[in-house]
Each structure stands twice: as structure tokens, then as C-alpha cells.
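Step one of this worksheet: look at the structure below.
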Amino acid sequence: MTIELPIDDLLARLSTSPRGLEDAEAAARLSTLGPNELEPPRQRTLVFQIVRRLVAPLTAILVIAAGISAFAGERESAVLIMAIVAASVGIETAQSERARRTIDLLREHAAPKATVLRSGQTRSVARREVVPGDILELDAGDLVSADCRLLAAKDLHVQQAALTGESMPVERAPITGALRHASPADGDGVLFAGTSVVSGHGAAVAVTTGRSTMFGEIAAQLARRLPSTEFDRGVARFGVLILETVLVLVVLVLGAGIAFRRNMLESLLFAVALAVGLTPEFLPMITSVTLASAARHMAKRGVIVKQLAAIQNLGSIDVLCTDKTGTLTTGEMTFSRAVDATGAPSEHVLLLGCTNSHLGTGIGNALDVALRRALPCPAHRKLDEIPFDFERRCATVVVDDGTGPFLITKGAPEQVLARCGGQAASRAVADRLSDDGSRVLAVATRRIAAKASYTRDDEHDLDLAGFLVFDDPIEPDVADAVAALHADGVDVKIVTGDSDRVARSVCARAGLAFDDVLTGDELDRLTDPALSERALHAQIFARVTPMQKRRIIGALSARGRVVGFLGDGINDAPSLRAADVGISVAGAVDVARDAADIVLTKHDLRVLHAGILEGRRALGNVMKYLLMETSSNFGNMLSMAVASLLLPFLPMLPVQVLLNNFLYDIAQLTIPTDRVDNDFLRAPRRWDIAAVRRFMLQVGPLSSIFDLLTFAVLLYVFHATAALFHTGWFVESVVTQILVLFIIRKLGSGPASVPSRAIVISSVIVVAVAVALPYTPLAATLGFVALPAALVGAVAVTVIAYLVLVRLVRARAMRALRLTPAPAGRAAAPRAFA
């Protein structure tokens, strides 16, 4: 299909018409051509997921070990190893599939929409359901869903930076004839997927969708993974740490086997088991399940997560930049009054303003909605319009009231007054009206000669009619919400296009003493280093442009701050992408929701605060697993490596090492359900692999000391045989690893939270299984023997002593974690005085 054809030929080739496709035809095309996505979701079968996990390095090692055992005649060991593999793969597949379904469901809530004509009726459909032949209706704020041919347009300006790199919007108009070329740089006639409408409106027919679009072809040519997040990089560094430790211990064990001339097959299997035992093979699953669980909890609180990694980043936020409208205020504008140029009440100004709002079809906003409610549409005939754009910051309609055509211009007072030629006295009136935080629009008009169309060049020599005043009620308890965020380590900064006078007034009405203001003009005079310092302490950024917002975010990031940006408008999209966490709301324009990582169902700081705490809670539970897994496993494997040098037999049979590790991992599966200490939630949290290493090196050797003490008791007090030694240490190892969780799970310095019911039940069951195994019919197969009562008592004393000592050193080890970053500067705490 070629987009350059004349429009009539193109519509015929697409088997469509200006009234759109029939519903049945659209459904058939969607089924045949697939969804309108750059990368359609890959439907992985259950068999594929199982096979993928079986060939993963760690699982493959176990499968190979089972094969070697079977070949060597150790059939019981082979069966047990494969049982462990089956259980591990089954649990991981089930949990990961549940996590995938959760995030897919949440993404549906934030899926962008497109307005199409189907069977002659306007429909809002998911963007992924747009098919070639659909007639798209486009308005300001919409994302272009496909490569399209324009059918109609009025002052249509699109942002094409994603394709051309040009930051300024360009105007597009329809061409009915054939096109020479169809590219973003060639001008009129076409629109491309990946661009967005900045102002105006139009209609277009979708020609190509998904990977067949120009944007899709570019994405395919540049196909690569998304940039890794801080969390991804932390997991990678953690993997390197584990690999280095495993290599050292495995080489040590194999060397000991060779030196002591032990059975090489048994030594090899033991080394493999040692490597598996030290590796947290459930980390990806634990991470996915924890984050998916957090996503579900956040969704219940009104926070929709588009990417799981964004949860961890949300918990790391220590600066939140947001506009005052909809945050400090309700965002529900109400019309207050209309005054003339001297400030006297005027019904005529209201009539002009309502005419402009009712007849304008550009960017809709809360002020227009309030005006339309204030007065019905006057009986004027509309001739043309010049839609709003962010450069002019005003909108014009041309009407005929029966006496001839005239313009009605409505917009920002400074922009309208500039088109009226001065009006110093009127500027003072506008300033006075906005002193209390009210929103003010200026209205101007002039008679004009009739002609075919009108442009922005006609907006000159206007006569100022007066001003429209709007009030935006303050959000209840917003001062408490801002103070709560600050108490939990998040500085709130107001970033607004309004004047500093308006911003100060709104903050005062909200009960916030925000008095450190930086204006856009002052910002432009600062160098980047100076802005980085100034931005740390400024509480209000007033009269700033979209590009200045991006510069503010960059300045804060340069000082090591993790920045969240809350926005819902077209001009917020660049800042949403520039921030560490872009946050939008369900009612935002498409381009803002698409740029965001997090979507709030309600524009409410308390909802966002709850989401931030949930992000910290998720990171806390992942950190618990890492601390438990690394310290306990490192201690156990270090003990085994040392024991293999000193004992005349292996300290534990390979199958026992694997069983130990499997039981321990089963108990850890409930960590995602655990509670997190309140004081851990009171500050931003970041991934720190160096802190995990420090904790492992402090707590792990402590476990080894008690293991060696257990060895001494087994050998010199009970004169244990190899089987009794294996059994005694197996029981002691499993029990200490499980119970120490209830000490290490306390991440904060205040009172510990109550463990979740699931984690208590799973721990009790695993401990009971470990203690009971030597007395079951499986004991002989596993190489266990019944423990004498005196040895059981000795093991119990050792476990208690170990837990007490870990409790004593825990505080020092937790301080070494330093999970809370020290920001380079904090703004003064907001003071509530209302």
C-alpha cells in the first residue's frame, strides 16, 4: 500500500470511506494483520517456559549432575535431584506466570486510546486496535496511532521530534492529489506514528500500522534492549559477586579433593552442589513476585504501574516536581467573575469569552469547561478559528453577529495585552486580579474584513474588552500531604507556568510557607552548576517553559537527587521522559500518559505518597531475600569449603547440599508477603550492592564460626560417624538459616514489624521437615541417621546461641548497609500555618 496515492485512490485501495470501517471489517483486519504495536507480545507456551528454565545455567548444572549420578549408579540421588529440579521449575513457572498476568492487567488500565470512526460513529478504542483503513480523529494532545494520510486539518501542528529530532512543532495540511514523497521532512499530506498533535485538529486515514510504520521500521533497525535501570544494574553486579565467590570456593573444594585423593566423581558432584547452594537461583522469581505483588497493592490504592522496574525507582524518589494545579488545588476551575479593562463588572466580557470557548475546537481545558457552564453558546455564526498553541498562549475565533465579522481573542493577559498595544493600566488590573491566586484570562476583539481564512497574523491592533477570573479551590489537607512527603524524605517543588505572585498566593492559601522562588527569567541567567545549587533550595519555579522544566530536572539529577515529575499536559511530556520517574494521571492527554512510568487514577499527593511507600516496601523485601540468601549461603558454603580441607570425608553429601538449599529456598518464597518496618519506609531507598557485600562478609563468617563449633561437638563430643555428622550438620544448618530470617528481616532501627502469617507458617513447616527427615523412611535414601536426644539438645543450644549473637551484631551490620542515600541538600521543611 502506498501512502502517496491521490486520496480517492487511496481510500479505494484501503476499501474504506470517510465514514470509516464497519465494525466487523475492523475486527477481521485486526485478526489478520495483528495488533498495532511495534513489538506484538510474544505468547510463550507453558512448554517453552519450562524448557527455557531447564536450560538455564543453574538448572542445567543440576540436570547434568543428575545424569552423572544416574550413570554412576546413584539412582536415588539422581531421582532426588530431578525432583528438586521439577519442584523448583514448577514453582518458578507458576509464580512468574502470575506476576506476568498481573502486570499485563495493570498495563491495560493505562493503555493509550485513539478516536476512530467505525460505521459512521465516533469510537474510542485502544491504540493497539487501530487497523489500516480506520478514519482517525485527531485533537491536541493525541498521539498519532499510525502512518496516515490527512483528509482534513485546521491549524494542525504536530511534534515530530521522535522521527526528525526537531524540537519545534510543524504545521500539516491535507493534499488531495498524489504526493511526490512521504516523509516527516517533506511537509504536508501525511502524519506518522510516533508523532503527537500539539494544537489544532484534523482527520486522517490509517495506511500502515505496527511494525510496518516508519517508526516501526526504525525501531526494528535499531532493535535493542531498553536502557537498564539502577535495579537491573544492581542485579547484574550481584551476579558478578556471586560468580566470583562460587569460583573461589569450587576451586578450593576440587583442589582439596585432589589433594586428599577422594573419589573424584563425588568431589565433583559436591563442588557442583556447593556452587548451586551458594547461588540464589530464585532471585529473578522473588524479585518479579515481590514487584508484582507491590503493583497489585499499588493498583488498589490508585497507582497504575506500566513497568515493574518503575516500582523500585518510585521508592527511590527524594524530589517531586509538580504543577500547583490539580496538586495543591482541586484542578476543577470555577468561573468567578468578568470585569472590563478598568476592573468593573461586565456581562459583555463574559459573553465574548463564552463565545470563544463554545466555538473554539482547539485544546480543551478546565477554563473553557467552566465558561461553557457559565453561559449558553451565543447565536453567532462561526467563520474561522486560530487555535491555541503554547507559543502564542491564546486562541481566537472569527464570528459574525449579523453586523459583520470580528475576532474574539482569549488567552494569557500578557500575550493578549501585547496584541492590544501597551495598556499599562490594564496590566495593573490583571496583576491585582491574580494576586489572590485566581486564574485570569484577557479578552480582546476587533472588527475585520471578510476573507476565506484567518491566521495568527490577524491578531494585532486588538481592543481590550476585559478579563475573566476563575477560582481553583484548594485541595483539602494538601499541607498535611506535603508535610507527610517531606517527613518521608521527599521534597515537593512547585514547577508552574504561572507568575511567582500567583504561585506564592496559591501556596499561602494551601497553608504552605513556600517562599523561596526562582523565576524562568532568573533561571536563564544561571549556569548549569549554579542552577544545580540553586535548584536544591528553591521551592517554587515560576513562569517556566517546558524546556526550562527539563533543565530543572537535569540540575537536580546532577546533584544526585532522584526526581519524580508529576504532569498531565502536552507540554509536560519532555519532562516526564527526563525525570527518573514520570508520573501522570488517568485523565491526562495521551502523550503525557504514554511518556509516564506511573499513572495515578486520581491527581492526589496522598495517592502518590502511598505508591512511594509501596515501592520502598517492595525493595525492602527484595533486600531481605538478598541479605538472607547471601549471608546464610556464604556462611554455609564457606564452612563446607573449610571442612572439606579438614575432614576425612565430605562434610555433607551432594544430594544433602541440594536438599538443604531447596528447603531453604522454599521458605524464602513467602518473603514477598512480609511486612516491612515502618522506619525503613521513612526515607528513600536505593540498590547498593556494596552494602550487600559488606553485610555478607560480616554475618556470613559468623555463621561459619557456629558451623565449625558444631563440627567440633559432632567429632569430639559425640565421635560422629560420617552419616551422623552429615545428619547433625544438615539439621543445624537448615534450622539456623530459616530462623535467622526473623532477626535479619528487621531492616530498620525502630520497633520490628510483625512477620506475615505466610512467612511464619512456611518457616515452621520447613524447620519441622528438616528435623523430622532423619526419622522417616527417606532417611536411608538421603544418607541420614536418627539423631540421639543429647545431640538434638546440643544442636538446639547451638541454634539459640547463634541467633542471640546475630541479634547482637545485627545493628552494626545493618548500619553498614547504609541503604539510605545522603542527599546533597534538602529544601527547608514546609511549614503549615493555616
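For the C-alpha cells, the naming scheme is as follows: chains receive sequential letters (A, B, ...) according to their order of presentation, residues are indexed from 1 within each chain, and ligands are indexed from 1 in presentation order.
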Contact check, region 349-411 of chain A to region 440-443 of chain A, at most 6 Å, counting only C-alpha atoms, closest pairs as JSON lines:
```
{"residue": "A:Thr409", "atom": "CA", "partner": "A:Val443", "partner_atom": "CA", "distance": 5.7}
{"residue": "A:Lys410", "atom": "CA", "partner": "A:Val443", "partner_atom": "CA", "distance": 4.6}
{"residue": "A:Gly411", "atom": "CA", "partner": "A:Leu441", "partner_atom": "CA", "distance": 5.2}
```
- Item | Thr334 (chain A) surroundings by only C-alpha atoms, 9 Å radius, close-in-sequence under 4 positions cut, as a PyMOL selection string | chain A and resi 366-367+369-371+373-374+469-473
Would you save the residues from that selection as an mmCIF file, in the first residue's frame, using N, CA and C atoms?
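Generated output (result.cif):
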```cif
data_model
loop_
_atom_site.group_PDB
_atom_site.id
_atom_site.type_symbol
_atom_site.label_atom_id
_atom_site.label_comp_id
_atom_site.auth_asym_id
_atom_site.auth_seq_id
_atom_site.Cartn_x
_atom_site.Cartn_y
_atom_site.Cartn_z
ATOM 1 N N ALA A 366 -9.755 23.238 31.517
ATOM 2 C CA ALA A 366 -10.733 23.429 32.590
ATOM 3 C C ALA A 366 -11.364 24.819 32.539
ATOM 4 N N LEU A 367 -10.631 25.818 32.055
ATOM 5 C CA LEU A 367 -11.189 27.171 31.984
ATOM 6 C C LEU A 367 -12.312 27.242 30.955
ATOM 7 N N VAL A 369 -14.184 24.732 30.022
ATOM 8 C CA VAL A 369 -15.311 23.982 30.575
ATOM 9 C C VAL A 369 -16.108 24.862 31.533
ATOM 10 N N ALA A 370 -15.380 25.621 32.389
ATOM 11 C CA ALA A 370 -16.058 26.498 33.345
ATOM 12 C C ALA A 370 -16.852 27.592 32.632
ATOM 13 N N LEU A 371 -16.296 28.139 31.542
ATOM 14 C CA LEU A 371 -17.003 29.182 30.797
ATOM 15 C C LEU A 371 -18.255 28.629 30.122
ATOM 16 N N ARG A 373 -20.070 26.295 31.095
ATOM 17 C CA ARG A 373 -21.103 26.092 32.115
ATOM 18 C C ARG A 373 -21.738 27.413 32.531
ATOM 19 N N ALA A 374 -20.966 28.503 32.415
ATOM 20 C CA ALA A 374 -21.443 29.794 32.911
ATOM 21 C C ALA A 374 -22.520 30.403 32.032
ATOM 22 N N VAL A 469 -12.149 35.929 35.347
ATOM 23 C CA VAL A 469 -11.481 35.486 36.574
ATOM 24 C C VAL A 469 -12.039 34.122 36.990
ATOM 25 N N PHE A 470 -11.131 33.218 37.324
ATOM 26 C CA PHE A 470 -11.503 31.851 37.698
ATOM 27 C C PHE A 470 -10.858 31.491 39.032
ATOM 28 N N ASP A 471 -11.559 30.695 39.779
ATOM 29 C CA ASP A 471 -11.019 30.205 41.049
ATOM 30 C C ASP A 471 -10.820 28.695 40.979
ATOM 31 N N ASP A 472 -9.748 28.224 41.590
ATOM 32 C CA ASP A 472 -9.459 26.789 41.690
ATOM 33 C C ASP A 472 -9.360 26.458 43.169
ATOM 34 N N PRO A 473 -10.375 25.807 43.737
ATOM 35 C CA PRO A 473 -10.376 25.548 45.181
ATOM 36 C C PRO A 473 -9.152 24.762 45.629
#
```
- Query: Got a sec: who's within 8 Å of Leu138 (chain A), counting only C-alpha atoms, leaving out chain neighbours fewer than 2 positions off, as a VMD selection string?
  - Reply: chain A and resid 115 136 140 142 144 197 201 to 204
- Message: Show me, as number ranges by chain, the residues that have an atom within 10 Å of Arg606 (chain A) when counting only C-alpha atoms, minus same-chain residues fewer than 4 positions from it.
- Response: A: 301, 327, 477-478, 480-482, 484-485, 602, 610-612
- Task: Can you work out which one of A:Val158, A:Ile666, A:Ala395, A:Ala341 has the shortest atom-to-atom distance to Ala758 (chain A), counting only C-alpha atoms?
- Result: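 The answer is A:Ile666, which sits nearest to Ala758 (chain A).
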- Message: Calculated over only C-alpha atoms, which of the candidates A:Val131, A:Ala449, A:Leu608, A:Leu523 has the smallest distance to Thr32 (chain A)?
- Response: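 Ranked by minimum distance to Thr32 (chain A), first place goes to A:Val131.
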- Message: as a VMD selection string, please: the residues near Thr519 (chain A) (cut-off 6 Å, only C-alpha atoms, same-chain neighbours under 3 positions excluded).
- Response: chain A and resid 522 541 to 543
- Query: Taking only C-alpha atoms into account, which of A:Leu117, A:Ala86, A:Ala596, A:Ala425 comes nearest Asp23 (chain A)?
  - Reply: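 Distance minimum relative to Asp23 (chain A) lands on A:Leu117.
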- Query: Using only C-alpha atoms, which residue out of A:Arg509, A:His297, A:Arg593, A:Arg577 lies closest to Thr673 (chain A)?
  - Reply: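 Of A:Arg509, A:His297, A:Arg593, A:Arg577, the one nearest Thr673 (chain A), counting only C-alpha atoms, is A:His297.
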Please provide as a compact mmCIF listing (two decimals) with C-alpha atoms, in the first residue's frame all residues within 8 Å of Thr329 (chain A), with the sequence filter that same-chain residues fewer than 4 positions apart are discarded (counting only C-alpha atoms).
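What ended up in result-v4.txt:
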```txt
# COMPACT_ATOMS: atom_id res chain seq x y z
CA LYS A 324 0.25 23.54 41.58
CA THR A 325 -2.95 22.99 39.57
CA ASP A 472 -9.46 26.79 41.69
CA PRO A 473 -10.38 25.55 45.18
CA ILE A 474 -7.52 24.39 47.39
CA GLU A 475 -7.26 20.61 47.83
CA ALA A 510 -2.92 25.95 50.78
```
- Could you jot down the CA of Ala579 (chain A) to CA of Leu566 (chain A) separation for me, Å, one decimal place?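 Rounded to one decimal, the two atoms are 9.4 Å apart.
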- Message: For the structure I just gave you, how does DSSP split region 491-536 of chain A - specifically, which residues are strand (DSSP E or B)? Reply as a PyMOL selection string.
- Response: chain A and resi 491-495+512+517-519
- Task: Give me, please, the distance in Å between CA of Gly302 (chain A) and CA of Leu320 (chain A), quoted to one decimal.
- Result: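 Calculated distance between CA of Gly302 (chain A) and CA of Leu320 (chain A) is 18.0 Å.
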- Message: Need to verify the contact set: Phe634 (chain A), 9 Å, only C-alpha atoms, exclusion of same-chain residues closer than 2 positions in sequence. Can you return it as number ranges by chain?
- Response: A: 245, 277-278, 629-632, 636-639, 696-697, 700-701, 703-704
- Message: Under the rule that only C-alpha atoms are counted, which of A:Gly489, A:Thr290, A:Val85, A:Ala173 is the nearest residue to Leu658 (chain A)?
- Response: A:Val85
